[in-house]
Amino acid sequence: MPNNTHLQPKPAAKPAARPPRPVKHSDFSEEYVGHVVSITLVNGTVLKGMLTEARKFWLKVNVDGRVHYINKAHVVEVTLG
């Protein structure tokens with residue numbers, strides 16, 4: 001039979017988690033999310049599609065049903081339309 005006379009203290013309850021803050025990047029890329037954009041790359045390629053997500057270093061673009069992940073270092077210009 002176990003000896004339960006040495007009870008351990010209960011761990012402290014974790015504080016309630018804060019809701020995540022919206023991410024703001026210094027390049028305003030989040031303003032174009034949900035819009036059709038034209039993205040000009042360094043090599044001259046132009047992609048036209050729906051910008052579905054913007055991260056710190058990457059853009060997620062849906063072009064004709066295909067998803068493209070573009071590194072922002074290769075982007076020259078992003079315009080609406």
# chains A, B, ... in the order shown; residues from 1 in each chain; ligands from 1
>>> residues_around(residues="segment 38-44 of chain A", least_positions_apart="2", cutoff="10 Å", atoms="only C-alpha atoms", output="list in words")
His35, Val36, Val46, Leu47, Lys48, Gly49, Met50, Leu51, Leu59, Val61, Ile70, Asn71, Lys72, Ala73, His74, Val75, Val76, Glu77, Val78, Thr79, Leu80 and Gly81 of chain A
>>> atom_distance(atom1="atom CA of Glu30 of chain A", atom2="atom CA of Arg55 of chain A")
8.1 Å
>>> select_by_dssp(residues="chain A", states="strand (DSSP E)", output="PyMOL selection string")
chain A and resi 36-41+46-54+58-63+66-71+75-80
>>> write_last_selection(atoms="N, CA and C atoms", output="short mmCIF file (atom, residue, chain, number, x, y, z; two decimals), in the first residue's frame")
data_model
loop_
_atom_site.label_atom_id
_atom_site.label_comp_id
_atom_site.auth_asym_id
_atom_site.auth_seq_id
_atom_site.Cartn_x
_atom_site.Cartn_y
_atom_site.Cartn_z
N VAL A 36 -6.33 40.47 -56.02
CA VAL A 36 -5.57 40.02 -57.18
C VAL A 36 -4.44 41.02 -57.40
N VAL A 37 -3.20 40.49 -57.49
CA VAL A 37 -2.03 41.34 -57.64
C VAL A 37 -1.16 40.87 -58.80
N SER A 38 -0.35 41.78 -59.31
CA SER A 38 0.69 41.46 -60.27
C SER A 38 2.02 41.62 -59.55
N ILE A 39 2.82 40.57 -59.55
CA ILE A 39 4.11 40.58 -58.86
C ILE A 39 5.21 40.47 -59.90
N THR A 40 6.08 41.47 -59.95
CA THR A 40 7.22 41.47 -60.86
C THR A 40 8.44 41.00 -60.09
N LEU A 41 9.12 39.98 -60.63
CA LEU A 41 10.30 39.42 -59.99
C LEU A 41 11.57 40.03 -60.57
N VAL A 46 6.49 38.07 -64.49
CA VAL A 46 5.34 38.70 -63.84
C VAL A 46 4.33 37.62 -63.52
N LEU A 47 3.95 37.52 -62.25
CA LEU A 47 2.92 36.58 -61.82
C LEU A 47 1.68 37.38 -61.46
N LYS A 48 0.53 36.93 -61.96
CA LYS A 48 -0.72 37.60 -61.64
C LYS A 48 -1.64 36.58 -61.00
N GLY A 49 -2.07 36.88 -59.77
CA GLY A 49 -2.94 35.96 -59.05
C GLY A 49 -3.40 36.55 -57.74
N MET A 50 -4.08 35.72 -56.96
CA MET A 50 -4.64 36.12 -55.67
C MET A 50 -3.58 35.94 -54.60
N LEU A 51 -3.26 37.02 -53.90
CA LEU A 51 -2.33 36.95 -52.77
C LEU A 51 -3.12 36.42 -51.57
N THR A 52 -2.80 35.19 -51.15
CA THR A 52 -3.57 34.56 -50.10
C THR A 52 -2.94 34.69 -48.72
N GLU A 53 -1.62 34.93 -48.66
CA GLU A 53 -0.96 35.05 -47.36
C GLU A 53 0.35 35.81 -47.53
N ALA A 54 0.69 36.60 -46.52
CA ALA A 54 1.95 37.33 -46.52
C ALA A 54 2.66 37.09 -45.20
N TRP A 58 8.05 35.68 -47.08
CA TRP A 58 7.43 34.94 -48.18
C TRP A 58 6.05 35.49 -48.51
N LEU A 59 5.66 35.31 -49.78
CA LEU A 59 4.30 35.61 -50.23
C LEU A 59 3.71 34.31 -50.77
N LYS A 60 2.45 34.07 -50.48
CA LYS A 60 1.74 32.90 -51.00
C LYS A 60 0.73 33.41 -52.01
N VAL A 61 0.89 33.00 -53.27
CA VAL A 61 0.06 33.51 -54.36
C VAL A 61 -0.60 32.33 -55.07
N ASN A 62 -1.90 32.45 -55.32
CA ASN A 62 -2.64 31.45 -56.07
C ASN A 62 -2.77 31.93 -57.50
N VAL A 63 -2.07 31.26 -58.42
CA VAL A 63 -2.08 31.63 -59.84
C VAL A 63 -2.72 30.49 -60.63
N ARG A 66 -2.92 27.14 -58.96
CA ARG A 66 -1.66 26.61 -58.43
C ARG A 66 -1.11 27.58 -57.40
N VAL A 67 -0.56 27.05 -56.31
CA VAL A 67 -0.01 27.87 -55.24
C VAL A 67 1.48 28.09 -55.49
N HIS A 68 1.91 29.35 -55.42
CA HIS A 68 3.32 29.70 -55.57
C HIS A 68 3.76 30.40 -54.29
N TYR A 69 4.92 29.99 -53.78
CA TYR A 69 5.53 30.65 -52.63
C TYR A 69 6.71 31.46 -53.16
N ILE A 70 6.68 32.76 -52.93
CA ILE A 70 7.68 33.66 -53.50
C ILE A 70 8.47 34.31 -52.37
N ASN A 71 9.78 34.21 -52.45
CA ASN A 71 10.64 34.88 -51.48
C ASN A 71 10.65 36.37 -51.80
N VAL A 75 11.37 39.93 -55.21
CA VAL A 75 10.27 40.75 -55.71
C VAL A 75 10.74 42.18 -55.96
N VAL A 76 10.40 42.69 -57.15
CA VAL A 76 10.73 44.06 -57.49
C VAL A 76 9.53 44.96 -57.23
N GLU A 77 8.32 44.48 -57.60
CA GLU A 77 7.13 45.32 -57.49
C GLU A 77 5.89 44.46 -57.29
N VAL A 78 4.96 44.98 -56.50
CA VAL A 78 3.65 44.37 -56.32
C VAL A 78 2.63 45.46 -56.58
N THR A 79 1.72 45.19 -57.54
CA THR A 79 0.67 46.15 -57.85
C THR A 79 -0.67 45.45 -57.86
N LEU A 80 -1.73 46.19 -57.56
CA LEU A 80 -3.09 45.62 -57.61
C LEU A 80 -3.48 45.39 -59.06
#
